[in-house]
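Shown next: protein-v8.txt, given as compact mmCIF, C-alpha atoms.
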# COMPACT_ATOMS: atom_id res chain seq x y z
CA MET A 1 -41.82 -83.14 35.04
CA GLU A 2 -42.36 -79.53 36.03
CA VAL A 3 -39.25 -77.49 36.85
CA PRO A 4 -39.98 -74.53 39.10
CA ILE A 5 -38.60 -71.28 37.71
CA LEU A 6 -38.49 -68.41 40.18
CA LYS A 7 -37.98 -64.76 39.29
CA GLN A 8 -35.92 -62.73 41.70
CA GLY A 9 -35.25 -59.25 40.36
CA GLN A 10 -33.13 -59.57 37.24
CA VAL A 11 -32.36 -63.21 37.95
CA LEU A 12 -34.23 -66.40 37.11
CA ILE A 13 -33.72 -69.40 39.35
CA ALA A 14 -34.49 -72.83 37.88
CA THR A 15 -34.43 -75.76 40.27
CA PHE A 16 -33.76 -79.08 38.56
CA GLN A 17 -35.13 -82.31 39.99
CA ALA A 18 -33.44 -85.69 40.25
CA ALA A 19 -35.64 -87.57 37.79
CA LEU A 20 -35.41 -85.33 34.74
CA SER A 21 -35.77 -87.24 31.49
CA ASP A 22 -34.11 -86.26 28.22
CA ALA A 23 -37.43 -84.85 27.03
CA ASP A 24 -37.73 -82.73 30.19
CA LEU A 25 -34.22 -81.38 29.65
CA LYS A 26 -34.96 -80.52 26.01
CA HIS A 27 -38.12 -78.71 27.12
CA LEU A 28 -36.16 -76.73 29.66
CA ARG A 29 -33.58 -75.71 27.11
CA ILE A 30 -36.24 -73.86 25.13
CA GLY A 31 -38.36 -72.88 28.15
CA LEU A 32 -35.58 -71.16 30.03
CA VAL A 33 -34.41 -69.10 27.09
CA GLU A 34 -38.01 -68.06 26.37
CA GLN A 35 -38.41 -66.93 29.98
CA VAL A 36 -35.17 -64.95 29.82
CA VAL A 37 -36.51 -63.14 26.75
CA ARG A 38 -39.99 -62.59 28.16
CA LEU A 39 -38.86 -61.34 31.55
CA ARG A 40 -35.80 -59.48 30.25
CA SER A 41 -33.67 -61.34 32.77
CA ARG A 42 -29.95 -60.66 32.95
CA GLY A 43 -28.93 -63.75 34.80
CA VAL A 44 -30.00 -67.36 35.28
CA ILE A 45 -29.14 -69.70 38.12
CA VAL A 46 -29.62 -73.38 37.42
CA ASP A 47 -29.73 -75.22 40.74
CA VAL A 48 -28.80 -78.89 40.28
CA THR A 49 -28.45 -79.74 43.99
CA ALA A 50 -31.15 -82.44 43.69
CA MET A 51 -29.65 -84.09 40.59
CA ASP A 52 -28.05 -87.38 41.56
CA VAL A 53 -26.84 -88.20 38.05
CA MET A 54 -25.28 -85.86 35.54
CA ASP A 55 -24.63 -87.90 32.43
CA SER A 56 -23.34 -86.76 29.04
CA PHE A 57 -26.76 -85.70 27.81
CA ALA A 58 -27.64 -83.63 30.89
CA SER A 59 -24.21 -82.05 30.85
CA ARG A 60 -24.40 -81.19 27.15
CA THR A 61 -27.89 -79.72 27.61
CA LEU A 62 -26.70 -77.52 30.49
CA ARG A 63 -23.88 -76.22 28.32
CA GLU A 64 -26.28 -75.51 25.50
CA ILE A 65 -28.63 -73.66 27.85
CA ALA A 66 -25.77 -71.52 29.17
CA HIS A 67 -24.51 -70.72 25.67
CA MET A 68 -27.97 -69.87 24.32
CA ILE A 69 -28.61 -67.56 27.26
CA ARG A 70 -25.24 -65.90 26.72
CA LEU A 71 -26.17 -65.21 23.10
CA ARG A 72 -29.21 -63.46 24.50
CA GLY A 73 -26.87 -61.25 26.54
CA ALA A 74 -27.53 -62.81 29.93
CA GLU A 75 -25.31 -64.89 32.22
CA THR A 76 -25.88 -68.40 33.52
CA VAL A 77 -24.37 -70.02 36.57
CA ILE A 78 -24.81 -73.65 37.55
CA VAL A 79 -24.95 -74.20 41.29
CA GLY A 80 -25.04 -77.17 43.64
CA ILE A 81 -23.22 -79.92 41.74
CA GLN A 82 -22.83 -82.60 44.42
CA PRO A 83 -19.30 -83.86 45.15
CA GLU A 84 -20.18 -87.43 44.09
CA VAL A 85 -21.75 -86.15 40.90
CA ALA A 86 -18.68 -84.02 40.21
CA PHE A 87 -16.48 -87.09 40.67
CA ALA A 88 -18.55 -89.14 38.22
CA MET A 89 -18.53 -86.25 35.73
CA VAL A 90 -14.75 -85.96 35.81
CA GLN A 91 -14.37 -89.72 35.34
CA LEU A 92 -16.70 -89.54 32.36
CA GLY A 93 -14.78 -86.62 30.92
CA LEU A 94 -17.56 -84.04 31.32
CA THR A 95 -16.14 -80.63 32.13
CA LEU A 96 -18.94 -78.09 31.50
CA GLU A 97 -16.26 -76.00 29.83
CA GLY A 98 -17.12 -72.34 29.39
CA VAL A 99 -19.96 -72.49 31.92
CA ALA A 100 -19.81 -70.66 35.23
CA THR A 101 -20.38 -72.76 38.34
CA ALA A 102 -20.77 -71.87 42.01
CA LEU A 103 -21.09 -73.73 45.29
CA ASP A 104 -24.70 -72.89 46.07
CA LEU A 105 -27.54 -70.47 45.42
CA GLU A 106 -26.01 -67.75 47.59
CA GLU A 107 -22.64 -67.91 45.84
CA GLY A 108 -24.38 -68.03 42.48
CA LEU A 109 -26.32 -64.85 43.24
CA ALA A 110 -23.15 -63.15 44.47
CA TYR A 111 -21.39 -64.14 41.23
CA LEU A 112 -24.19 -62.71 39.08
CA ASN A 113 -24.44 -59.48 41.08
CA GLU A 114 -20.72 -58.98 40.64
CA LYS A 115 -21.15 -59.53 36.88
CA PHE A 116 -24.01 -57.02 36.70
CA LYS A 117 -21.89 -54.40 38.44
CA THR A 118 -19.05 -54.64 35.98
CA THR A 119 -21.34 -54.47 32.95
CA ASN A 120 -23.47 -51.56 34.18
CA MET B 1 -35.91 -107.98 50.45
CA PRO B 2 -33.22 -110.08 48.78
CA VAL B 3 -31.37 -108.47 45.92
CA GLY B 4 -31.04 -110.77 42.99
CA GLU B 5 -31.76 -109.75 39.49
CA LEU B 6 -33.74 -106.99 37.91
CA ARG B 7 -34.67 -106.39 34.30
CA VAL B 8 -35.71 -102.99 32.98
CA ALA B 9 -37.09 -102.68 29.46
CA ILE B 10 -35.66 -99.62 27.70
CA LYS B 11 -38.09 -98.16 25.20
CA SER B 12 -38.16 -94.44 25.93
CA ASP B 13 -36.09 -91.79 27.65
CA GLN B 14 -38.33 -92.18 30.70
CA ASP B 15 -37.02 -95.74 31.05
CA ILE B 16 -33.46 -94.38 31.25
CA VAL B 17 -34.42 -92.55 34.45
CA LEU B 18 -36.22 -95.62 35.81
CA ALA B 19 -33.26 -97.93 35.10
CA ARG B 20 -30.73 -95.69 36.81
CA GLN B 21 -32.99 -95.23 39.84
CA LYS B 22 -33.37 -99.02 40.18
CA GLY B 23 -29.63 -99.41 39.78
CA ARG B 24 -28.90 -96.93 42.53
CA VAL B 25 -31.31 -98.66 44.92
CA MET B 26 -29.77 -102.05 44.16
CA ALA B 27 -26.24 -100.70 44.62
CA ILE B 28 -27.11 -99.26 48.03
CA GLU B 29 -28.80 -102.54 49.03
CA LEU B 30 -25.63 -104.39 48.08
CA GLY B 31 -23.64 -102.15 50.40
CA PHE B 32 -22.02 -99.81 47.89
CA SER B 33 -21.27 -96.30 49.10
CA SER B 34 -23.39 -93.44 47.87
CA GLY B 35 -20.48 -92.27 45.68
CA GLU B 36 -20.13 -95.70 44.07
CA ALA B 37 -23.89 -95.85 43.58
CA THR B 38 -23.63 -92.54 41.71
CA LEU B 39 -20.99 -94.02 39.38
CA ILE B 40 -23.22 -97.05 38.77
CA ALA B 41 -26.32 -94.91 38.16
CA THR B 42 -24.38 -92.69 35.75
CA THR B 43 -23.13 -95.77 33.90
CA ILE B 44 -26.66 -97.13 33.56
CA SER B 45 -27.82 -93.76 32.24
CA GLU B 46 -25.14 -93.73 29.53
CA LEU B 47 -25.71 -97.36 28.50
CA ALA B 48 -29.49 -97.01 28.43
CA ARG B 49 -29.20 -93.87 26.32
CA ASN B 50 -26.97 -95.71 23.85
CA ILE B 51 -29.77 -98.27 23.48
CA ILE B 52 -32.30 -95.53 22.69
CA SER B 53 -29.95 -93.62 20.36
CA TYR B 54 -28.62 -96.55 18.35
CA ALA B 55 -31.10 -99.41 18.63
CA GLY B 56 -34.39 -97.76 19.61
CA GLU B 57 -35.08 -100.31 22.31
CA GLY B 58 -33.49 -102.99 24.43
CA GLN B 59 -33.05 -103.85 28.06
CA ILE B 60 -30.91 -103.31 31.10
CA LEU B 61 -30.24 -106.26 33.37
CA LEU B 62 -29.01 -105.55 36.88
CA LYS B 63 -27.51 -108.46 38.78
CA ALA B 64 -25.87 -109.02 42.12
CA VAL B 65 -22.68 -110.99 41.54
CA GLN B 66 -20.44 -112.83 43.95
CA GLY B 67 -16.68 -112.95 43.43
CA THR B 68 -14.30 -115.09 45.45
CA LYS B 69 -14.09 -112.55 48.24
CA LYS B 70 -16.26 -109.70 47.15
CA THR B 71 -19.73 -108.68 46.17
CA GLY B 72 -20.44 -106.79 43.03
CA LEU B 73 -23.09 -105.45 40.76
CA SER B 74 -23.22 -106.28 37.10
CA VAL B 75 -25.06 -104.17 34.54
CA THR B 76 -25.84 -105.63 31.14
CA ALA B 77 -27.21 -103.43 28.39
CA ALA B 78 -28.51 -105.47 25.48
CA ASP B 79 -30.18 -104.50 22.25
CA GLU B 80 -30.93 -106.06 18.89
CA GLY B 81 -29.96 -102.97 16.97
CA PRO B 82 -27.55 -102.41 14.08
CA GLY B 83 -24.47 -103.35 16.10
CA ILE B 84 -21.19 -101.45 16.20
CA PRO B 85 -19.17 -101.84 12.99
CA ASP B 86 -15.85 -100.87 14.55
CA ILE B 87 -15.64 -101.47 18.29
CA GLN B 88 -12.10 -100.17 18.62
CA GLN B 89 -13.19 -96.91 17.07
CA ALA B 90 -16.26 -96.74 19.33
CA MET B 91 -14.01 -97.17 22.36
CA ARG B 92 -11.88 -94.16 21.47
CA ASP B 93 -12.59 -90.94 23.36
CA GLY B 94 -14.51 -88.44 21.31
CA PHE B 95 -15.91 -90.84 18.76
CA SER B 96 -19.64 -90.84 18.04
CA THR B 97 -21.91 -91.63 15.15
CA SER B 98 -25.10 -90.32 16.76
CA GLY B 99 -24.06 -86.69 17.12
CA SER B 100 -23.52 -87.02 20.85
CA LEU B 101 -20.36 -86.12 22.73
CA GLY B 102 -18.84 -89.49 22.02
CA ILE B 103 -17.78 -89.99 25.60
CA GLY B 104 -20.21 -92.85 26.15
CA LEU B 105 -18.34 -96.14 26.04
CA PRO B 106 -14.80 -95.05 26.98
CA GLY B 107 -16.28 -92.94 29.78
CA VAL B 108 -18.33 -95.86 31.08
CA ARG B 109 -15.22 -98.04 31.08
CA ARG B 110 -13.52 -95.53 33.38
CA LEU B 111 -16.48 -95.49 35.80
CA MET B 112 -16.59 -99.25 36.29
CA ASP B 113 -14.12 -102.04 37.21
CA GLU B 114 -14.84 -104.47 34.40
CA PHE B 115 -16.05 -103.85 30.90
CA GLU B 116 -17.01 -106.25 28.14
CA ILE B 117 -18.64 -105.59 24.81
CA ILE B 118 -19.99 -107.97 22.20
CA SER B 119 -21.43 -106.58 19.01
CA GLN B 120 -22.49 -108.20 15.76
CA PRO B 121 -23.55 -106.25 12.69
CA ASN B 122 -27.36 -106.29 12.41
CA ARG B 123 -27.66 -108.61 15.41
CA GLY B 124 -27.17 -106.19 18.22
CA THR B 125 -24.87 -105.09 20.99
CA THR B 126 -24.39 -106.34 24.53
CA VAL B 127 -22.31 -104.37 26.99
CA THR B 128 -21.62 -105.88 30.41
CA VAL B 129 -19.94 -103.88 33.14
CA LYS B 130 -19.20 -104.75 36.74
CA LYS B 131 -18.40 -102.79 39.84
CA TRP B 132 -16.90 -104.51 42.86
CA ARG B 133 -17.29 -103.38 46.42
Write-out of the structure in structure tokens:
Amino acid sequence: MEVPILKQGQVLIATFQAALSDADLKHLRIGLVEQVVRLRSRGVIVDVTAMDVMDSFASRTLREIAHMIRLRGAETVIVGIQPEVAFAMVQLGLTLEGVATALDLEEGLAYLNEKFKTTN
Amino acid sequence: MPVGELRVAIKSDQDIVLARQKGRVMAIELGFSSGEATLIATTISELARNIISYAGEGQILLKAVQGTKKTGLSVTAADEGPGIPDIQQAMRDGFSTSGSLGIGLPGVRRLMDEFEIISQPNRGTTVTVKKWR
């Protein structure tokens, strides 16, 4: 499954779909970091609004993506985790520790812009 | 369309997605809330992934069940894999032999109302969970 990745200035926006398989997620893990390198991006927003299930594998992959991108010197923020999905994640014990999250795309962009200011 | 029983063969990671989608649809048809359907779909995802990680293949059986006063959905994940040598250990938070997070089984138990596991070395593992409305 194709995941649209949009470039907006220094930020990449990846929009995840509901029916992502493990293989898709593994692809994205590499693909996103490659794009960050190629486009010299400073921030990545991963929009998971459409994801109706966030299981342990998806959650671990998101963490790995965020940590890899941080090693590259860029920031990642996960946006749009649905309330029901958040509830299931907490029950499962998935915390996305060490990964920035925001309510939606707008808040995610605001978060990154704030980050860019302080590091400039 | 009456909701009865549905079997999904689990052979690849694509089947994990298929099984959890079918589970969500069935849960909604049985009258579960969208939030409960999310818990059920997440459970199916975890159980189906266990099948792929530990046994390679197996199946997920989704069934409408009737209690004395309530309706429920039962999910059975069955494989003929190596089995779990120490179930008590596997049920502890943070334990994993496949290099995953190890939240699988104890996490699933928290998501659902009933949990039952039968495992025999070299014969396979069957996990049955139920959620009541």
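Counting from atom CA of Met26 of chain B, the distance to atom CA of Ile44 of chain B is 12.1 Å.
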Using only C-alpha atoms, determine which residues lie at most 9 Å from Ala9 of chain B, disregarding the query and same-chain residues fewer than 6 positions distant; provide the list as a PyMOL selection string. chain B and resi 15+19+57-61
I need the chain A residues near chain B as a list in words; criterion: at most 9 Å, counting all atoms listed in the file.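 Putting it all together, I get Ala19, Leu20, Ser21, Asp22, Ala23, Asp52, Val53, Met54, Asp55, Ser56, Phe57, Arg60, Pro83, Glu84, Val85, Phe87, Ala88, Met89, Gln91, Leu92, Gly93 and Leu94 of chain A.
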Just C-alpha atoms for this one: save the residues we selected as a CSV table (one decimal), in the frame of the given file.
chain,number,residue,atom,x,y,z
A,19,ALA,CA,-35.6,-87.6,37.8
A,20,LEU,CA,-35.4,-85.3,34.7
A,21,SER,CA,-35.8,-87.2,31.5
A,22,ASP,CA,-34.1,-86.3,28.2
A,23,ALA,CA,-37.4,-84.8,27.0
A,52,ASP,CA,-28.0,-87.4,41.6
A,53,VAL,CA,-26.8,-88.2,38.0
A,54,MET,CA,-25.3,-85.9,35.5
A,55,ASP,CA,-24.6,-87.9,32.4
A,56,SER,CA,-23.3,-86.8,29.0
A,57,PHE,CA,-26.8,-85.7,27.8
A,60,ARG,CA,-24.4,-81.2,27.2
A,83,PRO,CA,-19.3,-83.9,45.2
A,84,GLU,CA,-20.2,-87.4,44.1
A,85,VAL,CA,-21.8,-86.2,40.9
A,87,PHE,CA,-16.5,-87.1,40.7
A,88,ALA,CA,-18.6,-89.1,38.2
A,89,MET,CA,-18.5,-86.2,35.7
A,91,GLN,CA,-14.4,-89.7,35.3
A,92,LEU,CA,-16.7,-89.5,32.4
A,93,GLY,CA,-14.8,-86.6,30.9
A,94,LEU,CA,-17.6,-84.0,31.3
Extract, using only C-alpha atoms, all DNA, RNA and protein residues at most 12 Å from Gly80 of chain A, discarding same-chain residues fewer than 4 positions from it, and format them as a PyMOL selection string. chain A and resi 14-17+45-52+54+84-86+100-108
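Distance annotation: of A:Leu25, A:Met68, A:Ile13, A:Leu96, the residue with the minimal separation from Val37 of chain A is A:Met68; atom set is only C-alpha atoms.
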Quick one: residues within 7 Å of Ile118 of chain B, all atoms listed in the file, excluding same-chain residues fewer than 4 positions away - as a list in words? Thr125, Thr126 and Val127 of chain B
Computed interatomic separation between atom CA of Arg123 of chain B and atom CA of Glu80 of chain B (Å):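 Separating atom CA of Arg123 of chain B from atom CA of Glu80 of chain B is a distance of 5.4 Å.
For segment 63-65 of chain A, the non-local neighbours within 8 Å, defined as residues at least 5 positions apart in the same chain or in other chains and counting only C-alpha atoms, are Arg29, Leu32, Val33, Leu96, Glu97, Gly98 and Val99 of chain A.
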Which residue gives the smallest distance to Ser119 of chain B among B:Gly83, B:Leu47, B:Glu29, B:Ile10, with all atoms listed in the file counted?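 Using all atoms listed in the file, Ser119 of chain B sits closest to B:Gly83.
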Distance in Å - atom CA of Gln10 of chain A versus atom CA of Ala58 of chain A: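 Spanning atom CA of Gln10 of chain A to atom CA of Ala58 of chain A is a straight-line distance of 25.5 Å.
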Residue among A:Asp24, A:Tyr111, A:Leu6, A:Gly43 lying closest to Thr76 of chain A, counting all atoms listed in the file: A:Gly43
Report as a Markdown table the residues of segment 50-89 of chain A within 12 Å of segment 113-117 of chain A, each with its shortest atom pair and distance in Å (one decimal), using all atoms listed in the file, ordered by chain and increasing residue number.
| residue | atom | partner | partner_atom | distance |
| --- | --- | --- | --- | --- |
| A:Gly73 | CA | A:Phe116 | CA | 11.4 |
| A:Ala74 | CA | A:Phe116 | CA | 9.6 |
| A:Glu75 | CA | A:Lys115 | CA | 8.2 |
| A:Thr76 | CA | A:Lys115 | CA | 10.6 |
| A:Val77 | CA | A:Lys115 | CA | 11.0 |
